[in-house]
>>> print(open('data_17.cif').read())   # mmCIF, N, CA and C atoms
data_query
loop_
_atom_site.group_PDB
_atom_site.id
_atom_site.type_symbol
_atom_site.label_atom_id
_atom_site.label_comp_id
_atom_site.auth_asym_id
_atom_site.auth_seq_id
_atom_site.Cartn_x
_atom_site.Cartn_y
_atom_site.Cartn_z
ATOM 1 N N MET R 1 4.405 55.186 115.570
ATOM 2 C CA MET R 1 3.762 56.486 115.473
ATOM 3 C C MET R 1 3.599 57.146 116.828
ATOM 4 N N ARG R 2 3.563 56.360 117.870
ATOM 5 C CA ARG R 2 3.392 56.953 119.199
ATOM 6 C C ARG R 2 4.683 57.535 119.744
ATOM 7 N N TYR R 3 5.817 57.258 119.101
ATOM 8 C CA TYR R 3 7.099 57.667 119.656
ATOM 9 C C TYR R 3 7.931 58.533 118.726
ATOM 10 N N THR R 4 7.495 58.723 117.491
ATOM 11 C CA THR R 4 8.224 59.538 116.533
ATOM 12 C C THR R 4 7.240 60.454 115.802
ATOM 13 N N PRO R 5 7.723 61.496 115.168
ATOM 14 C CA PRO R 5 6.824 62.419 114.466
ATOM 15 C C PRO R 5 6.479 61.974 113.048
ATOM 16 N N VAL R 6 6.487 60.682 112.790
ATOM 17 C CA VAL R 6 6.225 60.179 111.438
ATOM 18 C C VAL R 6 4.852 60.620 110.916
ATOM 19 N N ALA R 7 3.884 60.773 111.784
ATOM 20 C CA ALA R 7 2.546 61.198 111.340
ATOM 21 C C ALA R 7 2.613 62.551 110.644
ATOM 22 N N PHE R 8 3.442 63.436 111.166
ATOM 23 C CA PHE R 8 3.551 64.762 110.575
ATOM 24 C C PHE R 8 4.250 64.717 109.217
ATOM 25 N N GLU R 9 5.042 63.682 108.979
ATOM 26 C CA GLU R 9 5.699 63.503 107.685
ATOM 27 C C GLU R 9 4.725 62.932 106.649
ATOM 28 N N LEU R 10 3.691 62.252 107.101
ATOM 29 C CA LEU R 10 2.715 61.654 106.196
ATOM 30 C C LEU R 10 1.636 62.646 105.751
ATOM 31 N N LEU R 11 1.517 63.724 106.481
ATOM 32 C CA LEU R 11 0.510 64.742 106.161
ATOM 33 C C LEU R 11 1.118 65.837 105.289
ATOM 34 N N PRO R 12 0.272 66.621 104.631
ATOM 35 C CA PRO R 12 0.807 67.782 103.917
ATOM 36 C C PRO R 12 1.424 68.773 104.902
ATOM 37 N N ARG R 13 2.179 69.729 104.404
ATOM 38 C CA ARG R 13 2.830 70.705 105.276
ATOM 39 C C ARG R 13 1.814 71.417 106.170
ATOM 40 N N ARG R 14 0.684 71.778 105.598
ATOM 41 C CA ARG R 14 -0.416 72.368 106.363
ATOM 42 C C ARG R 14 -1.523 71.340 106.439
ATOM 43 N N PHE R 15 -2.046 71.125 107.623
ATOM 44 C CA PHE R 15 -3.059 70.097 107.840
ATOM 45 C C PHE R 15 -4.044 70.569 108.896
ATOM 46 N N THR R 16 -5.201 69.916 108.934
ATOM 47 C CA THR R 16 -6.193 70.214 109.971
ATOM 48 C C THR R 16 -6.017 69.214 111.114
ATOM 49 N N VAL R 17 -6.551 69.567 112.260
ATOM 50 C CA VAL R 17 -6.504 68.648 113.401
ATOM 51 C C VAL R 17 -7.266 67.377 113.058
ATOM 52 N N ARG R 18 -8.344 67.509 112.315
ATOM 53 C CA ARG R 18 -9.136 66.342 111.913
ATOM 54 C C ARG R 18 -8.301 65.399 111.045
ATOM 55 N N GLN R 19 -7.520 65.932 110.122
ATOM 56 C CA GLN R 19 -6.661 65.092 109.290
ATOM 57 C C GLN R 19 -5.639 64.345 110.153
ATOM 58 N N LEU R 20 -5.071 65.034 111.130
ATOM 59 C CA LEU R 20 -4.109 64.399 112.028
ATOM 60 C C LEU R 20 -4.785 63.309 112.851
ATOM 61 N N GLN R 21 -5.964 63.594 113.372
ATOM 62 C CA GLN R 21 -6.705 62.607 114.162
ATOM 63 C C GLN R 21 -7.068 61.394 113.315
ATOM 64 N N ASN R 22 -7.549 61.623 112.108
ATOM 65 C CA ASN R 22 -7.911 60.504 111.231
ATOM 66 C C ASN R 22 -6.703 59.631 110.911
ATOM 67 N N LEU R 23 -5.548 60.238 110.736
ATOM 68 C CA LEU R 23 -4.335 59.479 110.459
ATOM 69 C C LEU R 23 -3.966 58.595 111.646
ATOM 70 N N PHE R 24 -3.927 59.174 112.848
ATOM 71 C CA PHE R 24 -3.612 58.390 114.041
ATOM 72 C C PHE R 24 -4.631 57.276 114.241
ATOM 73 N N SER R 25 -5.890 57.590 114.074
ATOM 74 C CA SER R 25 -6.946 56.608 114.268
ATOM 75 C C SER R 25 -6.816 55.447 113.287
ATOM 76 N N ALA R 26 -6.553 55.756 112.020
ATOM 77 C CA ALA R 26 -6.446 54.715 111.000
ATOM 78 C C ALA R 26 -5.212 53.843 111.192
ATOM 79 N N VAL R 27 -4.083 54.464 111.423
ATOM 80 C CA VAL R 27 -2.834 53.699 111.532
ATOM 81 C C VAL R 27 -2.780 52.885 112.819
ATOM 82 N N LEU R 28 -3.237 53.477 113.924
ATOM 83 C CA LEU R 28 -3.193 52.776 115.204
ATOM 84 C C LEU R 28 -4.401 51.859 115.404
ATOM 85 N N GLY R 29 -5.421 52.008 114.570
ATOM 86 C CA GLY R 29 -6.605 51.159 114.678
ATOM 87 C C GLY R 29 -7.406 51.401 115.937
ATOM 88 N N ILE R 30 -7.498 52.682 116.332
ATOM 89 C CA ILE R 30 -8.223 53.021 117.556
ATOM 90 C C ILE R 30 -9.268 54.095 117.267
ATOM 91 N N SER R 31 -10.231 54.199 118.146
ATOM 92 C CA SER R 31 -11.222 55.257 118.075
ATOM 93 C C SER R 31 -10.775 56.364 119.022
ATOM 94 N N ILE R 32 -10.775 57.603 118.542
ATOM 95 C CA ILE R 32 -10.279 58.721 119.341
ATOM 96 C C ILE R 32 -11.391 59.749 119.500
ATOM 97 N N ASP R 33 -11.608 60.175 120.736
ATOM 98 C CA ASP R 33 -12.606 61.203 121.029
ATOM 99 C C ASP R 33 -12.141 62.540 120.441
ATOM 100 N N ASN R 34 -13.014 63.166 119.650
ATOM 101 C CA ASN R 34 -12.656 64.401 118.948
ATOM 102 C C ASN R 34 -12.195 65.513 119.879
ATOM 103 N N ARG R 35 -12.979 65.820 120.898
ATOM 104 C CA ARG R 35 -12.669 66.952 121.770
ATOM 105 C C ARG R 35 -11.378 66.735 122.545
ATOM 106 N N ASN R 36 -11.194 65.535 123.086
ATOM 107 C CA ASN R 36 -9.979 65.275 123.846
ATOM 108 C C ASN R 36 -8.741 65.315 122.967
ATOM 109 N N PHE R 37 -8.834 64.762 121.769
ATOM 110 C CA PHE R 37 -7.684 64.770 120.867
ATOM 111 C C PHE R 37 -7.304 66.202 120.521
ATOM 112 N N ARG R 38 -8.291 66.992 120.139
ATOM 113 C CA ARG R 38 -8.031 68.393 119.779
ATOM 114 C C ARG R 38 -7.364 69.134 120.937
ATOM 115 N N LYS R 39 -7.913 68.984 122.130
ATOM 116 C CA LYS R 39 -7.385 69.677 123.294
ATOM 117 C C LYS R 39 -5.941 69.260 123.569
ATOM 118 N N LYS R 40 -5.668 67.976 123.497
ATOM 119 C CA LYS R 40 -4.329 67.472 123.801
ATOM 120 C C LYS R 40 -3.310 67.840 122.720
ATOM 121 N N VAL R 41 -3.714 67.769 121.468
ATOM 122 C CA VAL R 41 -2.798 68.121 120.381
ATOM 123 C C VAL R 41 -2.451 69.607 120.445
ATOM 124 N N LEU R 42 -3.464 70.439 120.610
ATOM 125 C CA LEU R 42 -3.211 71.876 120.632
ATOM 126 C C LEU R 42 -2.402 72.301 121.853
ATOM 127 N N SER R 43 -2.590 71.633 122.978
ATOM 128 C CA SER R 43 -1.825 71.992 124.175
ATOM 129 C C SER R 43 -0.424 71.381 124.177
ATOM 130 N N SER R 44 -0.147 70.444 123.274
ATOM 131 C CA SER R 44 1.172 69.806 123.224
ATOM 132 C C SER R 44 2.254 70.760 122.748
ATOM 133 N N GLY R 45 1.873 71.761 121.975
ATOM 134 C CA GLY R 45 2.851 72.685 121.413
ATOM 135 C C GLY R 45 3.493 72.178 120.133
ATOM 136 N N PHE R 46 3.083 71.017 119.666
ATOM 137 C CA PHE R 46 3.669 70.432 118.460
ATOM 138 C C PHE R 46 3.018 70.919 117.170
ATOM 139 N N VAL R 47 1.946 71.666 117.283
ATOM 140 C CA VAL R 47 1.307 72.226 116.105
ATOM 141 C C VAL R 47 1.194 73.739 116.274
ATOM 142 N N ILE R 48 1.386 74.438 115.173
ATOM 143 C CA ILE R 48 1.316 75.898 115.151
ATOM 144 C C ILE R 48 0.146 76.284 114.249
ATOM 145 N N PRO R 49 -0.785 77.105 114.751
ATOM 146 C CA PRO R 49 -1.886 77.526 113.888
ATOM 147 C C PRO R 49 -1.377 78.461 112.797
ATOM 148 N N THR R 50 -1.947 78.331 111.622
ATOM 149 C CA THR R 50 -1.628 79.248 110.529
ATOM 150 C C THR R 50 -2.804 80.194 110.359
ATOM 151 N N ASP R 51 -2.669 81.150 109.479
ATOM 152 C CA ASP R 51 -3.780 82.060 109.208
ATOM 153 C C ASP R 51 -4.664 81.547 108.083
ATOM 154 N N LYS R 52 -4.403 80.340 107.613
ATOM 155 C CA LYS R 52 -5.161 79.735 106.512
ATOM 156 C C LYS R 52 -6.284 78.844 107.040
ATOM 157 N N LYS R 53 -7.369 78.792 106.283
ATOM 158 C CA LYS R 53 -8.488 77.899 106.598
ATOM 159 C C LYS R 53 -8.889 77.152 105.334
ATOM 160 N N GLU R 54 -9.610 76.053 105.531
ATOM 161 C CA GLU R 54 -10.110 75.277 104.392
ATOM 162 C C GLU R 54 -10.990 76.163 103.511
ATOM 163 N N THR R 55 -11.001 75.825 102.246
ATOM 164 C CA THR R 55 -11.891 76.524 101.317
ATOM 165 C C THR R 55 -12.738 75.492 100.587
ATOM 166 N N ARG R 56 -13.829 75.963 100.065
ATOM 167 C CA ARG R 56 -14.735 75.113 99.276
ATOM 168 C C ARG R 56 -15.219 73.879 100.044
ATOM 169 N N VAL R 57 -15.652 74.088 101.273
ATOM 170 C CA VAL R 57 -16.206 72.995 102.072
ATOM 171 C C VAL R 57 -17.637 73.362 102.457
ATOM 172 N N ALA R 58 -18.463 72.341 102.666
ATOM 173 C CA ALA R 58 -19.869 72.557 102.992
ATOM 174 C C ALA R 58 -20.090 72.825 104.479
ATOM 175 N N HIS R 59 -19.043 72.757 105.256
ATOM 176 C CA HIS R 59 -19.150 72.980 106.700
ATOM 177 C C HIS R 59 -18.253 74.152 107.096
ATOM 178 N N LYS R 60 -18.244 74.463 108.376
ATOM 179 C CA LYS R 60 -17.375 75.541 108.853
ATOM 180 C C LYS R 60 -15.926 75.189 108.512
ATOM 181 N N PRO R 61 -15.207 76.084 107.849
ATOM 182 C CA PRO R 61 -13.832 75.777 107.450
ATOM 183 C C PRO R 61 -12.923 75.581 108.660
ATOM 184 N N ALA R 62 -12.103 74.550 108.590
ATOM 185 C CA ALA R 62 -11.165 74.246 109.667
ATOM 186 C C ALA R 62 -9.874 75.019 109.447
ATOM 187 N N ARG R 63 -9.232 75.374 110.546
ATOM 188 C CA ARG R 63 -7.945 76.057 110.497
ATOM 189 C C ARG R 63 -6.853 75.054 110.140
ATOM 190 N N TYR R 64 -5.876 75.520 109.401
ATOM 191 C CA TYR R 64 -4.710 74.701 109.091
ATOM 192 C C TYR R 64 -3.620 74.929 110.134
ATOM 193 N N TYR R 65 -2.871 73.873 110.397
ATOM 194 C CA TYR R 65 -1.762 73.905 111.348
ATOM 195 C C TYR R 65 -0.512 73.388 110.662
ATOM 196 N N GLU R 66 0.632 73.684 111.252
ATOM 197 C CA GLU R 66 1.907 73.160 110.784
ATOM 198 C C GLU R 66 2.615 72.501 111.959
ATOM 199 N N PHE R 67 3.448 71.527 111.667
ATOM 200 C CA PHE R 67 4.219 70.826 112.682
ATOM 201 C C PHE R 67 5.284 71.763 113.239
ATOM 202 N N ASN R 68 5.403 71.819 114.559
ATOM 203 C CA ASN R 68 6.404 72.648 115.236
ATOM 204 C C ASN R 68 7.598 71.760 115.590
ATOM 205 N N ARG R 69 8.506 71.613 114.659
ATOM 206 C CA ARG R 69 9.668 70.742 114.848
ATOM 207 C C ARG R 69 10.553 71.216 116.001
ATOM 208 N N THR R 70 10.644 72.514 116.203
ATOM 209 C CA THR R 70 11.456 73.051 117.294
ATOM 210 C C THR R 70 10.929 72.564 118.642
ATOM 211 N N ALA R 71 9.632 72.648 118.844
ATOM 212 C CA ALA R 71 9.030 72.171 120.098
ATOM 213 C C ALA R 71 9.218 70.669 120.245
ATOM 214 N N TYR R 72 9.085 69.946 119.137
ATOM 215 C CA TYR R 72 9.273 68.495 119.192
ATOM 216 C C TYR R 72 10.712 68.147 119.582
ATOM 217 N N ASN R 73 11.681 68.829 118.979
ATOM 218 C CA ASN R 73 13.092 68.550 119.284
ATOM 219 C C ASN R 73 13.428 68.836 120.740
ATOM 220 N N LYS R 74 12.801 69.836 121.317
ATOM 221 C CA LYS R 74 13.008 70.115 122.744
ATOM 222 C C LYS R 74 12.383 69.014 123.605
ATOM 223 N N ALA R 75 11.213 68.541 123.189
ATOM 224 C CA ALA R 75 10.495 67.523 123.958
ATOM 225 C C ALA R 75 11.100 66.139 123.804
ATOM 226 N N ILE R 76 11.857 65.914 122.740
ATOM 227 C CA ILE R 76 12.395 64.583 122.472
ATOM 228 C C ILE R 76 13.372 64.144 123.562
ATOM 229 N N LYS R 77 13.880 65.094 124.304
ATOM 230 C CA LYS R 77 14.767 64.755 125.417
ATOM 231 C C LYS R 77 14.021 63.952 126.472
ATOM 232 N N GLY R 78 12.693 64.114 126.514
ATOM 233 C CA GLY R 78 11.860 63.304 127.405
ATOM 234 C C GLY R 78 11.667 61.927 126.799
ATOM 235 N N ARG R 79 11.128 61.028 127.557
ATOM 236 C CA ARG R 79 10.990 59.640 127.104
ATOM 237 C C ARG R 79 9.971 59.468 125.985
ATOM 238 N N ASN R 80 8.857 60.160 126.084
ATOM 239 C CA ASN R 80 7.793 59.994 125.098
ATOM 240 C C ASN R 80 7.198 61.356 124.759
ATOM 241 N N PRO R 81 7.742 62.034 123.753
ATOM 242 C CA PRO R 81 7.230 63.368 123.442
ATOM 243 C C PRO R 81 5.781 63.380 122.956
ATOM 244 N N LEU R 82 5.288 62.275 122.435
ATOM 245 C CA LEU R 82 3.904 62.220 121.962
ATOM 246 C C LEU R 82 2.997 61.614 123.027
ATOM 247 N N LYS R 83 3.205 62.029 124.267
ATOM 248 C CA LYS R 83 2.471 61.444 125.392
ATOM 249 C C LYS R 83 0.973 61.695 125.341
ATOM 250 N N PHE R 84 0.528 62.653 124.521
ATOM 251 C CA PHE R 84 -0.917 62.891 124.434
ATOM 252 C C PHE R 84 -1.646 61.705 123.834
ATOM 253 N N LEU R 85 -0.932 60.771 123.218
ATOM 254 C CA LEU R 85 -1.561 59.567 122.671
ATOM 255 C C LEU R 85 -1.641 58.444 123.692
ATOM 256 N N ALA R 86 -0.995 58.583 124.814
ATOM 257 C CA ALA R 86 -0.876 57.495 125.782
ATOM 258 C C ALA R 86 -2.191 57.124 126.457
ATOM 259 N N ASN R 87 -3.173 58.005 126.457
ATOM 260 C CA ASN R 87 -4.403 57.760 127.214
ATOM 261 C C ASN R 87 -5.438 56.922 126.486
ATOM 262 N N TRP R 88 -5.203 56.608 125.223
ATOM 263 C CA TRP R 88 -6.168 55.819 124.483
ATOM 264 C C TRP R 88 -5.783 54.361 124.496
ATOM 265 N N ALA R 89 -6.794 53.516 124.560
ATOM 266 C CA ALA R 89 -6.556 52.063 124.555
ATOM 267 C C ALA R 89 -6.140 51.631 123.159
ATOM 268 N N TYR R 90 -5.267 50.641 123.086
ATOM 269 C CA TYR R 90 -4.781 50.136 121.801
ATOM 270 C C TYR R 90 -5.189 48.700 121.632
#
>>> encode(input="data_17.cif", output="structure tokens")
Amino acid sequence: MRYTPVAFELLPRRFTVRQLQNLFSAVLGISIDNRNFRKKVLSSGFVIPTDKKETRVAHKPARYYEFNRTAYNKAIKGRNPLKFLANWAY
């Protein structure tokens, strides 16, 4: 999961950052700081914000994002395109 976009294939087409974080945390068995994960994921360019938000939730609705395959394909030329995951202990 740290080297391929498989996480984005396991999520629905539109997903929240929290859903992505929970997936990485569960599969990798690590605890991830919310603010740092959000900042790193959004700055990676691998997710595109949509104009949709969650509905029927008891909290502030989260924005939905989509995987930016074009940005990922450009980054794949580098050694580790998902480098934003590298800073957490495993």
>>> select_by_dssp(input="data_17.cif", residues="chain R", states="helix (DSSP H, G or I)", output="PyMOL selection string")
chain R and resi 6-10+17-28+34-44+69-75+83-85
>>> axis_aligned_box(input="data_17.cif", around="stretch 11-21 of chain R", padding_each_side="8 Å", output="AutoDock Vina command-line options")
--center_x -3.2 --center_y 66.9 --center_z 109.0 --size_x 28.0 --size_y 27.0 --size_z 26.2
>>> residues_around(input="data_17.cif", residues="stretch 42-58 of chain R", least_positions_apart="6", cutoff="8 Å", atoms="only C-alpha atoms", output="PDB file with N, CA and C atoms, in the frame of the given file")
ATOM      1  N   TYR R  64      -5.876  75.520 109.401  1.00  0.00           N
ATOM      2  CA  TYR R  64      -4.710  74.701 109.091  1.00  0.00           C
ATOM      3  C   TYR R  64      -3.620  74.929 110.134  1.00  0.00           C
ATOM      4  N   TYR R  65      -2.871  73.873 110.397  1.00  0.00           N
ATOM      5  CA  TYR R  65      -1.762  73.905 111.348  1.00  0.00           C
ATOM      6  C   TYR R  65      -0.512  73.388 110.662  1.00  0.00           C
ATOM      7  N   GLU R  66       0.632  73.684 111.252  1.00  0.00           N
ATOM      8  CA  GLU R  66       1.907  73.160 110.784  1.00  0.00           C
ATOM      9  C   GLU R  66       2.615  72.501 111.959  1.00  0.00           C
ATOM     10  N   PHE R  67       3.448  71.527 111.667  1.00  0.00           N
ATOM     11  CA  PHE R  67       4.219  70.826 112.682  1.00  0.00           C
ATOM     12  C   PHE R  67       5.284  71.763 113.239  1.00  0.00           C
ATOM     13  N   ASN R  68       5.403  71.819 114.559  1.00  0.00           N
ATOM     14  CA  ASN R  68       6.404  72.648 115.236  1.00  0.00           C
ATOM     15  C   ASN R  68       7.598  71.760 115.590  1.00  0.00           C
ATOM     16  N   ARG R  69       8.506  71.613 114.659  1.00  0.00           N
ATOM     17  CA  ARG R  69       9.668  70.742 114.848  1.00  0.00           C
ATOM     18  C   ARG R  69      10.553  71.216 116.001  1.00  0.00           C
ATOM     19  N   ALA R  71       9.632  72.648 118.844  1.00  0.00           N
ATOM     20  CA  ALA R  71       9.030  72.171 120.098  1.00  0.00           C
ATOM     21  C   ALA R  71       9.218  70.669 120.245  1.00  0.00           C
ATOM     22  N   TYR R  72       9.085  69.946 119.137  1.00  0.00           N
ATOM     23  CA  TYR R  72       9.273  68.495 119.192  1.00  0.00           C
ATOM     24  C   TYR R  72      10.712  68.147 119.582  1.00  0.00           C
ATOM     25  N   PHE R  84       0.528  62.653 124.521  1.00  0.00           N
ATOM     26  CA  PHE R  84      -0.917  62.891 124.434  1.00  0.00           C
ATOM     27  C   PHE R  84      -1.646  61.705 123.834  1.00  0.00           C
TER      28      PHE R  84
END
>>> resolve_selection(input="data_17.cif", expression="the PyMOL selection byres (((chain R and resi 34 and name CA) around 10) and name CA)", output="list in words")
Val17, Arg18, Gln21, Asn22, Ser31, Ile32, Asp33, Arg35, Asn36, Phe37, Arg38 and Lys39 of chain R
>>> atom_distance(input="data_17.cif", atom1="atom CA of R:Lys60", atom2="atom CA of R:Lys40")
21.4 Å
